[in-house]
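Quick look at target.cif (mmCIF, C-alpha atoms):
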```cif
data_my_file
#
loop_
_atom_site.label_atom_id
_atom_site.label_comp_id
_atom_site.auth_asym_id
_atom_site.auth_seq_id
_atom_site.Cartn_x
_atom_site.Cartn_y
_atom_site.Cartn_z
CA MET K 24 -184.90 -4.30 177.08
CA ALA K 25 -187.02 -1.92 179.15
CA ARG K 26 -187.33 -2.55 182.86
CA LEU K 27 -190.62 -4.21 183.74
CA SER K 28 -192.74 -2.11 186.06
CA LEU K 29 -194.32 -4.29 188.74
CA THR K 30 -197.70 -2.55 189.01
CA LYS K 31 -201.32 -3.52 188.60
CA MET K 32 -201.52 -1.27 185.53
CA GLN K 33 -198.62 -3.16 183.91
CA LEU K 34 -200.25 -6.45 184.89
CA SER K 35 -203.45 -5.49 183.06
CA ARG K 36 -201.39 -4.39 180.01
CA GLU K 37 -199.53 -7.70 179.94
CA LYS K 38 -202.78 -9.68 180.26
CA ALA K 39 -204.34 -7.66 177.43
CA ALA K 40 -201.25 -8.23 175.27
CA LEU K 41 -201.30 -11.98 176.00
CA SER K 42 -204.99 -12.13 175.10
CA MET K 43 -204.32 -10.31 171.81
CA TYR K 44 -201.36 -12.59 170.94
CA ARG K 45 -203.47 -15.68 171.58
CA ARG K 46 -206.28 -14.26 169.45
CA TYR K 47 -204.03 -13.48 166.44
CA LEU K 48 -201.84 -16.60 166.52
CA PRO K 49 -204.49 -19.02 165.10
CA SER K 50 -205.31 -16.68 162.20
CA LEU K 51 -201.60 -16.29 161.37
CA ASP K 52 -201.14 -20.05 161.50
CA LEU K 53 -204.16 -20.54 159.23
CA LYS K 54 -202.75 -17.99 156.76
CA ARG K 55 -199.42 -19.86 156.76
CA LYS K 56 -201.20 -23.13 156.00
CA GLN K 57 -203.24 -21.55 153.19
CA LEU K 58 -200.15 -19.94 151.63
CA THR K 59 -198.29 -23.25 151.84
CA GLY K 60 -201.22 -24.99 150.12
CA GLU K 61 -201.26 -22.38 147.35
CA ARG K 62 -197.48 -22.73 146.91
CA ASN K 63 -197.84 -26.51 146.63
CA LYS K 64 -200.59 -26.09 144.00
CA ALA K 65 -198.35 -23.75 142.00
CA GLU K 66 -195.44 -26.22 142.21
CA GLN K 67 -197.73 -29.00 140.96
CA LYS K 68 -198.84 -26.74 138.10
CA ILE K 69 -195.19 -26.16 137.14
CA ALA K 70 -194.62 -29.93 137.11
CA ARG K 71 -197.67 -30.41 134.84
CA ILE K 72 -196.48 -27.64 132.50
CA GLU K 73 -192.95 -29.09 132.33
CA ALA K 74 -194.38 -32.53 131.56
CA GLU K 75 -196.55 -31.05 128.80
CA ILE K 76 -193.56 -29.16 127.33
CA ALA K 77 -191.51 -32.38 127.35
CA ARG K 78 -194.39 -34.29 125.73
CA GLN K 79 -194.88 -31.61 123.05
CA THR K 80 -191.17 -31.35 122.18
CA ALA K 81 -190.55 -35.12 122.26
CA GLY K 82 -193.63 -35.92 120.22
CA ILE K 83 -192.85 -33.47 117.43
CA GLY K 84 -189.87 -35.51 116.23
CA GLU K 85 -191.97 -38.65 116.00
CA GLU K 86 -194.94 -36.96 114.31
CA ILE K 87 -192.89 -34.90 111.88
CA PRO K 88 -189.64 -36.72 111.06
CA MET K 89 -189.07 -34.29 108.19
CA LEU K 90 -188.14 -31.71 110.81
CA ALA K 91 -184.62 -33.15 110.78
CA ASN K 92 -184.12 -31.58 107.35
CA ALA K 93 -181.70 -28.71 108.13
CA GLN K 94 -182.25 -27.05 104.74
CA ILE K 95 -185.63 -25.71 105.80
CA ASP K 96 -185.15 -22.60 107.94
CA LEU K 97 -187.61 -22.43 110.83
CA ASP K 98 -185.87 -19.62 112.74
CA LYS K 99 -188.23 -16.86 113.80
CA LEU K 100 -191.19 -18.84 112.50
CA VAL K 101 -193.04 -18.17 115.77
CA THR K 102 -192.43 -15.05 117.89
CA LEU K 103 -194.06 -13.65 120.98
CA LYS K 104 -195.93 -10.47 120.10
CA SER K 105 -197.29 -9.65 123.58
CA ALA K 106 -198.17 -11.22 126.89
CA LYS K 107 -200.71 -9.63 129.19
CA ILE K 108 -199.89 -10.28 132.82
CA GLY K 109 -202.60 -9.58 135.37
CA GLU K 110 -202.66 -9.78 139.12
CA ILE K 111 -204.68 -11.86 141.54
CA ASN K 112 -204.95 -11.73 145.31
CA VAL K 113 -204.38 -15.06 147.02
CA VAL K 114 -204.66 -15.00 150.83
CA GLY K 115 -203.50 -11.39 150.91
CA GLN K 116 -200.57 -11.98 148.55
CA ARG K 117 -200.61 -10.36 145.11
CA LEU K 118 -199.56 -12.84 142.43
CA PRO K 119 -199.01 -12.42 138.70
CA THR K 120 -201.22 -14.37 136.37
CA LEU K 121 -201.10 -14.88 132.62
CA GLU K 122 -204.23 -13.35 131.16
CA ASP K 123 -203.52 -13.35 127.45
CA ILE K 124 -200.73 -14.08 125.03
CA GLU K 125 -200.33 -13.07 121.41
CA VAL K 126 -198.06 -15.17 119.27
CA GLU K 127 -197.20 -14.20 115.75
CA ILE K 128 -196.48 -16.78 113.09
CA ALA K 129 -194.17 -15.35 110.44
CA PRO K 130 -195.76 -15.31 107.01
CA TYR K 131 -194.37 -17.88 104.65
CA GLY K 132 -195.34 -18.89 101.19
CA LEU K 133 -197.39 -22.05 101.09
CA LEU K 134 -195.60 -23.16 97.96
CA VAL K 135 -192.14 -22.22 99.24
CA ARG K 136 -192.17 -24.29 102.44
CA PRO K 137 -193.41 -27.87 102.90
CA PHE K 138 -196.90 -28.68 104.15
CA TRP K 139 -195.69 -29.87 107.58
CA VAL K 140 -194.45 -26.39 108.56
CA ASP K 141 -198.05 -25.56 109.58
CA ALA K 142 -198.00 -28.35 112.17
CA VAL K 143 -194.58 -27.22 113.44
CA ALA K 144 -195.81 -23.61 113.75
CA ALA K 145 -198.86 -24.72 115.74
CA ARG K 146 -196.73 -26.87 118.02
CA LEU K 147 -194.17 -24.08 118.56
CA LYS K 148 -197.00 -21.70 119.40
CA ASP K 149 -198.29 -24.12 122.05
CA VAL K 150 -194.82 -24.64 123.54
CA LEU K 151 -194.19 -20.89 123.64
CA ARG K 152 -197.43 -20.34 125.54
CA LEU K 153 -196.51 -23.13 127.97
CA ARG K 154 -193.05 -21.62 128.56
CA ILE K 155 -194.54 -18.19 129.34
CA GLU K 156 -197.07 -19.81 131.68
CA GLN K 157 -194.21 -21.71 133.32
CA ARG K 158 -192.29 -18.46 133.98
CA VAL K 159 -195.35 -16.75 135.47
CA THR K 160 -196.06 -19.77 137.69
CA ARG K 161 -192.42 -19.86 138.85
CA ARG K 162 -192.77 -16.20 139.85
CA GLN K 163 -195.92 -17.13 141.79
CA VAL K 164 -194.01 -19.86 143.63
CA ASP K 165 -191.21 -17.41 144.50
CA LEU K 166 -193.67 -14.84 145.86
CA LEU K 167 -195.62 -17.46 147.79
CA GLU K 168 -192.38 -18.85 149.23
CA GLY K 169 -191.47 -15.38 150.51
CA ALA K 170 -194.96 -14.90 151.98
CA VAL K 171 -194.82 -18.29 153.72
CA ARG K 172 -191.41 -17.37 155.16
CA ARG K 173 -192.68 -14.01 156.50
CA VAL K 174 -195.84 -15.47 158.03
CA THR K 175 -193.85 -18.34 159.57
CA GLN K 176 -191.52 -15.79 161.17
CA ARG K 177 -194.54 -13.99 162.63
CA VAL K 178 -196.05 -17.24 163.90
CA ASN K 179 -192.73 -18.11 165.55
CA LEU K 180 -192.47 -14.60 167.02
CA PHE K 181 -195.89 -14.92 168.61
CA ASP K 182 -195.53 -18.56 169.64
CA LYS K 183 -191.92 -18.65 170.83
CA VAL K 184 -191.24 -15.07 171.98
CA LEU K 185 -194.21 -12.80 172.66
CA ILE K 186 -196.57 -15.28 174.36
CA PRO K 187 -193.88 -16.84 176.63
CA ASN K 188 -192.54 -13.35 177.53
CA ALA K 189 -196.03 -12.10 178.38
CA LYS K 190 -196.67 -15.18 180.54
CA ALA K 191 -193.33 -14.74 182.32
CA ASN K 192 -194.01 -11.03 182.90
CA ILE K 193 -197.48 -11.79 184.29
CA GLY K 194 -195.95 -14.36 186.64
CA ARG K 195 -193.25 -11.92 187.83
CA ILE K 196 -195.79 -9.14 188.38
CA ASP K 197 -198.17 -11.51 190.21
CA ILE K 198 -195.36 -12.62 192.53
CA ALA K 199 -194.22 -9.04 193.16
CA LEU K 200 -197.77 -7.82 193.84
CA GLY K 201 -198.39 -10.80 196.14
CA ASP K 202 -195.19 -10.02 198.05
CA LEU K 203 -196.22 -6.37 198.37
CA GLU K 204 -199.67 -7.40 199.64
CA ARG K 205 -198.20 -9.77 202.23
CA ALA K 206 -195.69 -7.11 203.33
CA ALA K 207 -198.54 -4.59 203.73
CA VAL K 208 -200.54 -7.07 205.85
CA VAL K 209 -197.50 -7.83 208.02
CA ASN K 210 -196.73 -4.11 208.42
CA SER K 211 -200.34 -3.38 209.42
CA LYS K 212 -200.28 -6.19 212.03
CA ILE K 213 -196.99 -4.91 213.42
CA SER K 214 -198.31 -1.37 213.70
CA LYS K 215 -201.52 -2.68 215.37
CA ARG K 216 -199.45 -4.51 217.97
CA LYS K 217 -197.38 -1.41 218.57
CA LYS K 218 -200.58 0.59 219.11
CA VAL K 219 -201.98 -2.05 221.50
CA VAL K 220 -198.72 -2.39 223.44
CA GLY K 221 -197.92 1.32 223.45
#
```
Could you spell out this file's structure in structure tokens?
Amino acid sequence: MARLSLTKMQLSREKAALSMYRRYLPSLDLKRKQLTGERNKAEQKIARIEAEIARQTAGIGEEIPMLANAQIDLDKLVTLKSAKIGEINVVGQRLPTLEDIEVEIAPYGLLVRPFWVDAVAARLKDVLRLRIEQRVTRRQVDLLEGAVRRVTQRVNLFDKVLIPNAKANIGRIDIALGDLERAAVVNSKISKRKKVVG
């Protein structure tokens, strides 16, 4: 740590730094709160998506009991052709977002497979889209979590280190300058007396 110079110039620097820290701290704290709110929204979205996936997969067995027939091959019936991932800016943090998804349903003969395969294909397509959306939202949560952590570290740096250090430095410089002023006054009085006496 550099030695603190006990001058009026350093005092004005410390006061300017303290003023700047106090000016930036509220905006950093607000950003932390906004990022935390966005992270909570994304976590709630994941919970809704997971509930919808569970509802879709649980309901398919009840709606289409014929699905239990293992003789009908449904492998590769629905495949992901492409997913377009975009980017949005949320409180200064770039987050991925699902813009578009293309799902391909494998061609099958209408007379070869039973009629209920159409319903299964539609349901699988929906679940696939939900799973991709779930992955993208999980990535958003991870990025927001990292952003919250970084901003919290900055808030703590300002609040617990920089502002207290600046206040302590201002106090030390004030005391030192006050001592120097008093010493100068005492020295001038002593030299006046010496002039009067001598």
- Between K:Ser35, K:Gln163, K:Ser28, K:Gln157, which one has atoms that come closest to Glu61 (chain K), using all atoms listed in the file? K:Gln163
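CA of Lys56 (chain K) to CA of Arg71 (chain K) spans 22.7 Å [interatomic distance, one decimal].
Distance-wise, CA of Gln79 (chain K) and CA of Ile155 (chain K) end up 14.8 Å apart.
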- Task: Enumerate, as number ranges by chain, the residues matched when the PyMOL selection byres ((chain K and resi 148) around 10) is run on the file above.
- Result: K: 100-103, 125-128, 142-147, 149-154
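Picked by the PyMOL selection byres ((chain K and resi 119) around 7) from the coordinates shown: Ile108, Gly109, Glu110, Ile111, Arg117, Leu118, Thr120, Leu121, Val159 and Gln163 of chain K.
Nearest residue to Ile186 (chain K), choosing from K:Ile124, K:Val171, K:Leu48, K:Ala77 and counting all atoms listed in the file: K:Leu48.
Residues captured in this structure file are Ser35, Arg36, Glu37, Lys38, Tyr44, Arg45, Arg46, Tyr47, Leu185, Ile186, Ala189 and Lys190 of chain K, according to the PyMOL selection byres ((chain K and resi 39-43) around 8).
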- Top pick for closest residue to Gly115 (chain K), considering K:Val178, K:Leu58, K:Leu27, K:Ala199 and counting only C-alpha atoms: K:Leu58
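Using only C-alpha atoms, the smallest distance between any of K:Glu156, K:Ser50, K:Ser211, K:Pro130 and Ile76 (chain K) comes from K:Glu156.
What separates CA of Asp141 (chain K) from CA of Glu73 (chain K) is a distance of 23.6 Å.
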- Query: Which is closest to Ala65 (chain K) among K:Leu167, K:Ile196, K:Val220, K:Leu34, if we use only C-alpha atoms?
  - Reply: K:Leu167
